[in-house]
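Pasting run.cif here (mmCIF, C-alpha atoms and all ligand atoms):
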```cif
data_data
loop_
_atom_site.label_atom_id
_atom_site.label_comp_id
_atom_site.auth_asym_id
_atom_site.auth_seq_id
_atom_site.Cartn_x
_atom_site.Cartn_y
_atom_site.Cartn_z
CA MET A 1 0.00 0.00 0.00
CA GLU A 2 1.96 2.97 -1.26
CA ASN A 3 1.79 6.49 0.19
CA PHE A 4 -0.36 5.40 3.09
CA ASN A 5 -1.10 8.53 5.10
CA PRO A 6 -4.15 8.57 7.36
CA GLY A 7 -3.48 12.10 8.67
CA THR A 8 -3.97 10.99 12.26
CA LEU A 9 -2.04 11.73 15.44
CA PHE A 10 -1.14 8.13 16.24
CA ILE A 11 -3.43 5.45 14.77
CA GLY A 12 -1.64 4.00 11.73
CA GLN A 13 1.20 6.50 11.94
CA THR A 14 3.58 3.56 12.29
CA HIS A 15 2.71 0.55 10.17
CA CYS A 16 3.87 -2.47 8.28
CA PHE A 17 2.33 -3.95 5.13
CA LEU A 18 2.87 -7.64 4.50
CA GLN A 19 2.08 -9.69 1.43
CA GLN A 20 1.30 -12.79 3.41
CA THR A 21 1.37 -13.94 7.02
CA GLU A 22 -0.25 -16.58 9.21
CA SER A 23 -2.45 -14.00 10.97
CA THR A 24 -1.86 -10.30 11.58
CA ASN A 25 -2.91 -10.75 15.24
CA VAL A 26 -0.30 -13.49 15.67
CA TRP A 27 2.34 -11.44 13.80
CA LEU A 28 1.74 -8.44 16.07
CA ALA A 29 1.80 -10.52 19.28
CA GLU A 30 5.15 -12.01 18.21
CA LYS A 31 6.56 -8.61 17.29
CA LEU A 32 5.60 -7.21 20.69
CA LYS A 33 7.62 -9.91 22.45
CA THR A 34 10.88 -8.39 21.24
CA ASN A 35 10.05 -4.85 20.10
CA ILE A 36 8.68 -1.71 21.64
CA LEU A 37 6.04 -0.42 19.28
CA SER A 38 4.20 2.89 19.44
CA GLU A 39 0.54 2.86 20.30
CA GLY A 40 -1.49 2.88 17.08
CA PHE A 41 0.96 0.63 15.20
CA LEU A 42 -0.91 -1.12 12.37
CA VAL A 43 -0.03 -4.27 10.46
CA HIS A 44 -1.90 -5.23 7.31
CA ALA A 45 -1.62 -8.38 5.18
CA ASP A 46 -2.86 -9.06 1.65
CA TYR A 47 -3.37 -12.67 2.59
CA GLN A 48 -3.55 -14.70 5.83
CA GLU A 49 -2.70 -18.39 5.82
CA ASN A 50 -4.57 -19.02 9.05
CA GLY A 51 -6.66 -15.97 9.91
CA LYS A 52 -8.24 -16.22 13.33
CA GLY A 53 -11.90 -15.57 14.03
CA ARG A 54 -13.81 -15.39 17.29
CA LEU A 55 -14.69 -18.58 19.16
CA GLU A 56 -11.75 -20.52 17.67
CA ARG A 57 -13.13 -20.10 14.15
CA THR A 58 -10.99 -19.25 11.12
CA TRP A 59 -11.31 -16.11 9.04
CA ARG A 60 -11.03 -16.70 5.31
CA SER A 61 -10.65 -13.91 2.82
CA ASP A 62 -9.62 -13.74 -0.86
CA ALA A 63 -6.03 -12.55 -1.44
CA GLY A 64 -5.59 -8.87 -2.26
CA LYS A 65 -9.30 -8.04 -2.20
CA ASN A 66 -10.10 -7.08 1.36
CA LEU A 67 -8.56 -5.53 4.44
CA MET A 68 -7.02 -7.77 7.10
CA PHE A 69 -5.18 -5.84 9.74
CA SER A 70 -4.39 -5.48 13.44
CA VAL A 71 -3.89 -2.36 15.53
CA TYR A 72 -1.91 -2.10 18.74
CA LEU A 73 -3.60 -0.10 21.51
CA ARG A 74 -2.67 0.68 25.12
CA PRO A 75 -5.85 2.07 26.66
CA ALA A 76 -4.60 2.32 30.25
CA PHE A 77 -7.66 4.46 31.04
CA ILE A 78 -10.06 1.53 30.50
CA ALA A 79 -10.60 -0.61 33.59
CA VAL A 80 -10.72 -4.40 33.17
CA SER A 81 -14.35 -4.36 34.35
CA ASN A 82 -15.13 -2.07 31.40
CA GLN A 83 -13.22 -3.96 28.75
CA SER A 84 -16.24 -4.69 26.55
CA ILE A 85 -16.17 -0.99 25.68
CA LEU A 86 -13.15 -1.81 23.54
CA SER A 87 -15.22 -4.13 21.36
CA PHE A 88 -17.82 -1.41 20.99
CA LEU A 89 -15.18 1.19 20.21
CA VAL A 90 -13.67 -0.86 17.40
CA ALA A 91 -17.03 -2.06 16.04
CA LEU A 92 -18.33 1.51 15.89
CA SER A 93 -15.17 2.72 14.14
CA VAL A 94 -15.54 -0.02 11.53
CA SER A 95 -19.22 0.82 11.09
CA ASP A 96 -18.38 4.56 10.78
CA THR A 97 -15.90 3.60 8.07
CA VAL A 98 -18.29 1.42 6.08
CA GLN A 99 -21.04 4.02 6.46
CA SER A 100 -18.84 6.64 4.85
CA PHE A 101 -18.74 4.57 1.64
CA VAL A 102 -22.26 3.08 1.40
CA LYS A 103 -25.78 4.49 1.46
CA SER A 104 -27.46 1.45 3.10
CA GLU A 105 -27.59 1.62 6.90
CA VAL A 106 -24.70 -0.06 8.71
CA PHE A 107 -25.29 -1.88 12.00
CA VAL A 108 -23.18 -3.32 14.80
CA LYS A 109 -24.11 -6.82 15.86
CA TRP A 110 -23.34 -7.57 19.49
CA PRO A 111 -20.65 -7.94 20.52
CA ASN A 112 -18.63 -6.76 17.53
CA ASP A 113 -19.64 -7.79 14.02
CA VAL A 114 -20.56 -5.21 11.44
CA ILE A 115 -23.63 -5.84 9.29
CA CYS A 116 -24.97 -4.22 6.15
CA GLU A 117 -28.00 -5.35 4.12
CA ASN A 118 -28.46 -8.22 6.61
CA LYS A 119 -25.02 -9.66 5.85
CA LYS A 120 -21.73 -9.57 7.68
CA ILE A 121 -19.29 -7.10 6.16
CA ALA A 122 -16.62 -7.14 8.89
CA GLY A 123 -15.47 -9.24 11.82
CA ILE A 124 -13.36 -8.18 14.77
CA LEU A 125 -11.11 -10.20 17.07
CA ILE A 126 -9.81 -8.37 20.11
CA GLU A 127 -7.07 -9.91 22.22
CA ASN A 128 -6.30 -8.18 25.53
CA GLN A 129 -3.48 -8.58 27.98
CA LEU A 130 -4.37 -7.39 31.47
CA LYS A 131 -2.19 -5.89 34.21
CA GLY A 132 -3.98 -5.87 37.58
CA MET A 133 -7.14 -3.80 37.30
CA PHE A 134 -6.23 -2.26 33.94
CA ILE A 135 -5.77 -3.28 30.34
CA ASP A 136 -2.10 -3.33 29.49
CA ARG A 137 -2.13 -4.13 25.82
CA VAL A 138 -4.70 -4.72 23.10
CA ILE A 139 -4.42 -6.31 19.70
CA ALA A 140 -7.51 -5.37 17.71
CA GLY A 141 -7.76 -7.50 14.57
CA ILE A 142 -10.19 -6.51 11.85
CA GLY A 143 -11.28 -8.29 8.70
CA LEU A 144 -13.23 -5.90 6.48
CA ASN A 145 -14.62 -7.01 3.13
CA VAL A 146 -13.87 -4.34 0.56
CA ASN A 147 -13.67 -5.63 -3.02
CA GLN A 148 -14.66 -9.30 -2.80
CA GLU A 149 -17.32 -9.91 -5.47
CA SER A 150 -18.82 -13.16 -4.25
CA PHE A 151 -19.11 -15.23 -1.08
CA PRO A 152 -19.60 -18.96 -0.70
CA ASP A 153 -23.15 -20.05 0.20
CA ASN A 154 -21.95 -21.69 3.40
CA ILE A 155 -20.12 -18.53 4.56
CA PRO A 156 -22.41 -15.68 3.48
CA GLY A 157 -21.12 -12.13 3.61
CA THR A 158 -20.98 -8.89 1.71
CA SER A 159 -18.42 -6.25 0.81
CA ILE A 160 -18.38 -2.49 0.21
CA ALA A 161 -18.01 -3.13 -3.55
CA GLN A 162 -20.94 -5.53 -3.60
CA ILE A 163 -23.11 -2.89 -2.00
CA THR A 164 -21.98 0.09 -4.07
CA GLY A 165 -21.44 -1.82 -7.31
CA SER A 166 -17.93 -0.48 -7.86
CA GLU A 167 -14.41 -1.30 -6.75
CA ILE A 168 -12.85 0.96 -4.18
CA SER A 169 -9.30 1.76 -3.00
CA ARG A 170 -8.38 -0.35 0.02
CA LYS A 171 -5.87 2.30 1.03
CA GLU A 172 -8.61 4.92 1.20
CA VAL A 173 -10.79 2.64 3.32
CA LEU A 174 -7.93 1.88 5.71
CA GLU A 175 -6.99 5.55 6.06
CA THR A 176 -10.63 6.37 6.78
CA PHE A 177 -10.74 3.64 9.42
CA CYS A 178 -7.65 5.05 11.17
CA ARG A 179 -9.29 8.47 11.43
CA HIS A 180 -12.53 7.03 12.82
CA LEU A 181 -10.75 4.80 15.33
CA GLU A 182 -8.70 7.69 16.61
CA ALA A 183 -11.77 9.92 16.97
CA ARG A 184 -13.72 7.22 18.85
CA TYR A 185 -10.72 6.36 21.02
CA LEU A 186 -10.27 9.99 22.04
CA GLN A 187 -14.03 10.25 22.66
CA VAL A 188 -13.85 7.42 25.24
CA LYS A 189 -10.63 8.75 26.74
CA ASN A 190 -11.94 12.30 27.17
CA ALA A 191 -15.67 11.89 27.70
CA GLY A 192 -15.94 8.36 29.12
CA PRO A 193 -17.72 5.35 27.67
CA GLU A 194 -21.38 6.46 28.06
CA SER A 195 -21.64 8.52 24.88
CA LEU A 196 -20.10 5.68 22.89
CA LEU A 197 -22.53 3.17 24.36
CA GLU A 198 -25.45 5.35 23.34
CA THR A 199 -24.32 5.41 19.70
CA TYR A 200 -23.60 1.69 19.83
CA ASN A 201 -27.18 1.05 20.95
CA GLN A 202 -28.58 3.31 18.22
CA ARG A 203 -26.79 1.14 15.64
CA LEU A 204 -27.46 -2.17 17.37
CA TYR A 205 -28.54 -4.86 14.90
CA GLY A 206 -31.83 -6.51 15.86
CA ARG A 207 -32.76 -3.91 18.49
CA GLY A 208 -36.50 -4.12 19.13
CA HIS A 209 -36.70 -7.40 17.18
CA GLU A 210 -37.24 -10.96 18.28
CA VAL A 211 -34.26 -13.32 18.45
CA THR A 212 -33.83 -16.90 19.56
CA VAL A 213 -31.60 -17.22 22.61
CA GLN A 214 -29.61 -20.45 22.93
CA MET A 215 -27.97 -21.22 26.26
CA ASP A 216 -26.65 -24.71 26.97
CA ASP A 217 -29.73 -26.87 26.41
CA ASN A 218 -32.20 -24.01 26.75
CA THR A 219 -33.82 -22.20 23.86
CA SER A 220 -36.19 -19.27 24.21
CA ASN A 221 -37.36 -16.29 22.19
CA GLY A 222 -37.10 -12.69 23.29
CA VAL A 223 -36.81 -9.10 22.11
CA ILE A 224 -33.48 -7.24 22.16
CA ARG A 225 -33.67 -4.07 24.26
CA LYS A 226 -30.09 -2.79 24.45
CA VAL A 227 -26.52 -3.51 25.49
CA ASP A 228 -25.63 -2.22 28.97
CA LYS A 229 -22.40 -0.73 30.28
CA GLU A 230 -21.16 -4.09 31.52
CA GLY A 231 -21.37 -5.25 27.89
CA CYS A 232 -24.33 -7.60 28.49
CA ILE A 233 -27.18 -7.78 26.00
CA ASN A 234 -30.60 -7.17 27.55
CA ILE A 235 -33.39 -9.36 26.18
CA VAL A 236 -37.01 -9.43 27.31
CA THR A 237 -38.64 -12.87 27.31
CA ASN A 238 -42.28 -13.18 28.41
CA GLY A 239 -42.07 -9.85 30.21
CA VAL A 240 -38.87 -10.76 32.08
CA LEU A 241 -35.62 -8.89 31.44
CA ASN A 242 -32.56 -11.11 31.14
CA ARG A 243 -28.94 -9.99 30.77
CA TYR A 244 -26.49 -12.18 28.90
CA HIS A 245 -22.73 -12.05 28.75
CA PHE A 246 -21.32 -12.66 25.25
CA ASN A 247 -19.60 -15.93 26.00
CA SER A 248 -22.64 -17.41 27.71
CA VAL A 249 -25.13 -17.27 24.89
CA LYS A 250 -25.73 -17.69 21.17
CA LEU A 251 -28.34 -15.54 19.48
CA ILE A 252 -30.14 -16.53 16.31
CA TYR A 253 -31.26 -13.49 14.35
CA HIS A 254 -34.20 -14.12 12.08
CA GLY A 255 -33.45 -12.80 8.58
CA LEU A 256 -29.70 -12.48 8.97
CA HIS A 257 -27.59 -14.11 6.23
CA SER A 258 -24.39 -14.60 8.17
C1 LIG A 301 -14.80 -12.97 13.56
O1 LIG A 301 -15.73 -12.45 12.96
O2 LIG A 301 -14.87 -14.12 14.01
C2 LIG A 301 -13.54 -12.17 13.77
C3 LIG A 301 -12.68 -12.17 12.55
C4 LIG A 301 -11.40 -11.35 12.70
C5 LIG A 301 -10.51 -11.47 11.49
C6 LIG A 301 -9.34 -10.53 11.52
S1 LIG A 301 -8.49 -10.50 9.98
C7 LIG A 301 -7.18 -9.61 10.69
C8 LIG A 301 -6.96 -10.15 12.09
N1 LIG A 301 -6.02 -11.25 12.08
C9 LIG A 301 -6.62 -12.42 12.38
O3 LIG A 301 -6.06 -13.53 12.40
N2 LIG A 301 -7.92 -12.21 12.66
C10 LIG A 301 -8.27 -10.81 12.57
#
```

Just give me the structure of the file as structure tokens.
Ligand code: BTN
Amino acid sequence: MENFNPGTLFIGQTHCFLQQTESTNVWLAEKLKTNILSEGFLVHADYQENGKGRLERTWRSDAGKNLMFSVYLRPAFIAVSNQSILSFLVALSVSDTVQSFVKSEVFVKWPNDVICENKKIAGILIENQLKGMFIDRVIAGIGLNVNQESFPDNIPGTSIAQITGSEISRKEVLETFCRHLEARYLQVKNAGPESLLETYNQRLYGRGHEVTVQMDDNTSNGVIRKVDKEGCINIVTNGVLNRYHFNSVKLIYHGLHS
């Protein structure tokens, strides 16, 4: 990616572009073992041999078509008890980015997928290292579909180009992302997480709609109300409000192709 210049203070100001690597999250974790990197360091790869997804899944993406990158953050001002705010911060920044290129409404799907036209357009994998009560180091990995024209039936998805009908510069999308991430990061740092949470809830996919909630052997239906400041999704089932943590539950969204 030549002449990459996001015009930010720190996000993406230092970076490395690779043709191929196992996973940009893994590459960055390895690099941090022996190097001191500046906050905001970004690594991007044209292709990942073994891209990591959430819940031990893999992230597959065509070579040279999309964005696959990881950003190094040190948000010492976020307490461990508030760490879900990081997912919201990154998901909102990705949704801001996509929204600046497409007309269709972009949503965040709890905890941190990004959805457009009922299909997943980006996935996020955040790996934190904690130090006592605070977050010491964060690797935020993002896979954002930019120019991929088609998706296999068994792994549905969409891309910016599929939505707009024309190819777009990946460099421009990545620079835009850096600016949005920096703005959202400074928003949380200076004004606290509440204002971010409000926007997150405004863009929450499925809000006000019925979903199926799967927990161990239990299945029930309920309506999504919001996500609270502890990062739990609030769902009303038969008049009762339940709060679920993201690793305790699977939600089935009716009408989502993802
Ligand atoms: C998910 O939706 O399950 C999360 C997918 C995250 C994929 C990105 S691609 C760049 C970074 N490196 C990885 O190995 N994974 C993340």

Between A:Ile224, A:Val211, A:Leu9, A:Cys116, which one has atoms that come closest to Ala183 (chain A), using all atoms listed in the file?
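Checking each candidate against Ala183 (chain A), we get A:Leu9 as the closest.
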
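Proximity ranking of A:Tyr47, A:Phe41, A:Phe17, A:Phe69 relative to ligand LIG 301 (chain A) places A:Phe69 first, based on all atoms listed in the file.
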
I need the residue nearest Val223 (chain A) from this list: A:Phe246, A:Tyr253, A:Leu181, A:Val43. Use all atoms listed in the file for the distance.
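Among the listed residues, A:Tyr253 lies closest to Val223 (chain A).
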
Counting all atoms listed in the file, what is within 7 Å of region 197-202 of chain A, bar same-chain residues fewer than 3 positions away, as a ChimeraX atom specification?
/A:88,92,193-194,226-227

Which residues of chain A sit at most 7 Å from ligand LIG 301 (chain A), using all atoms listed in the file? Give each one's shortest atom pair and distance in Å (one decimal place), in chain and ascending residue order, as JSON lines.
```
{"residue": "A:Ser23", "atom": "CA", "partner": "A:LIG301", "partner_atom": "O3", "distance": 3.9}
{"residue": "A:Thr24", "atom": "CA", "partner": "A:LIG301", "partner_atom": "N1", "distance": 4.3}
{"residue": "A:Asn25", "atom": "CA", "partner": "A:LIG301", "partner_atom": "N1", "distance": 4.5}
{"residue": "A:Val26", "atom": "CA", "partner": "A:LIG301", "partner_atom": "O3", "distance": 6.6}
{"residue": "A:Asn50", "atom": "CA", "partner": "A:LIG301", "partner_atom": "O3", "distance": 6.6}
{"residue": "A:Gly51", "atom": "CA", "partner": "A:LIG301", "partner_atom": "O3", "distance": 3.5}
{"residue": "A:Lys52", "atom": "CA", "partner": "A:LIG301", "partner_atom": "O3", "distance": 3.6}
{"residue": "A:Gly53", "atom": "CA", "partner": "A:LIG301", "partner_atom": "O2", "distance": 3.3}
{"residue": "A:Arg54", "atom": "CA", "partner": "A:LIG301", "partner_atom": "O2", "distance": 3.7}
{"residue": "A:Leu55", "atom": "CA", "partner": "A:LIG301", "partner_atom": "O2", "distance": 6.8}
{"residue": "A:Arg57", "atom": "CA", "partner": "A:LIG301", "partner_atom": "O2", "distance": 6.2}
{"residue": "A:Trp59", "atom": "CA", "partner": "A:LIG301", "partner_atom": "C5", "distance": 5.3}
{"residue": "A:Met68", "atom": "CA", "partner": "A:LIG301", "partner_atom": "C7", "distance": 4.0}
{"residue": "A:Phe69", "atom": "CA", "partner": "A:LIG301", "partner_atom": "C7", "distance": 4.4}
{"residue": "A:Ser70", "atom": "CA", "partner": "A:LIG301", "partner_atom": "C8", "distance": 5.5}
{"residue": "A:Asp113", "atom": "CA", "partner": "A:LIG301", "partner_atom": "O1", "distance": 6.2}
{"residue": "A:Ala122", "atom": "CA", "partner": "A:LIG301", "partner_atom": "O1", "distance": 6.7}
{"residue": "A:Gly123", "atom": "CA", "partner": "A:LIG301", "partner_atom": "O1", "distance": 3.4}
{"residue": "A:Ile124", "atom": "CA", "partner": "A:LIG301", "partner_atom": "C2", "distance": 4.1}
{"residue": "A:Leu125", "atom": "CA", "partner": "A:LIG301", "partner_atom": "C4", "distance": 4.5}
{"residue": "A:Gly141", "atom": "CA", "partner": "A:LIG301", "partner_atom": "C8", "distance": 3.7}
{"residue": "A:Ile142", "atom": "CA", "partner": "A:LIG301", "partner_atom": "C6", "distance": 4.1}
{"residue": "A:Gly143", "atom": "CA", "partner": "A:LIG301", "partner_atom": "S1", "distance": 3.8}
```

Asp62 (chain A) environment, 10 Å, all atoms listed in the file, sequence neighbours closer than 5 positions dropped, as a ChimeraX atom specification
/A:46-48,67,145,147-151

Distance criterion (only C-alpha atoms): nearest to Val146 (chain A) out of A:Gly206, A:Gly64, A:Gly132, A:Pro111
A:Gly64

Looking at A:Val213, A:Val188, A:Val102, A:Leu130, which one is nearest to Ser166 (chain A), with distances taken over only C-alpha atoms?
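Checking each candidate against Ser166 (chain A), we get A:Val102 as the closest.
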
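Put simply, CA of Thr8 (chain A) is 16.7 Å away from CA of Leu37 (chain A).
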
Residue nearest Val114 (chain A) among A:Gln187, A:Ser87, A:Asn35, A:Ser61 (counting only C-alpha atoms):
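Of A:Gln187, A:Ser87, A:Asn35, A:Ser61, the one nearest Val114 (chain A), counting only C-alpha atoms, is A:Ser87.
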
Atomic separation - CA of Pro6 (chain A) relative to CA of Thr176 (chain A), Å:
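Between CA of Thr176 (chain A) and CA of Pro6 (chain A) the gap works out to 6.9 Å.
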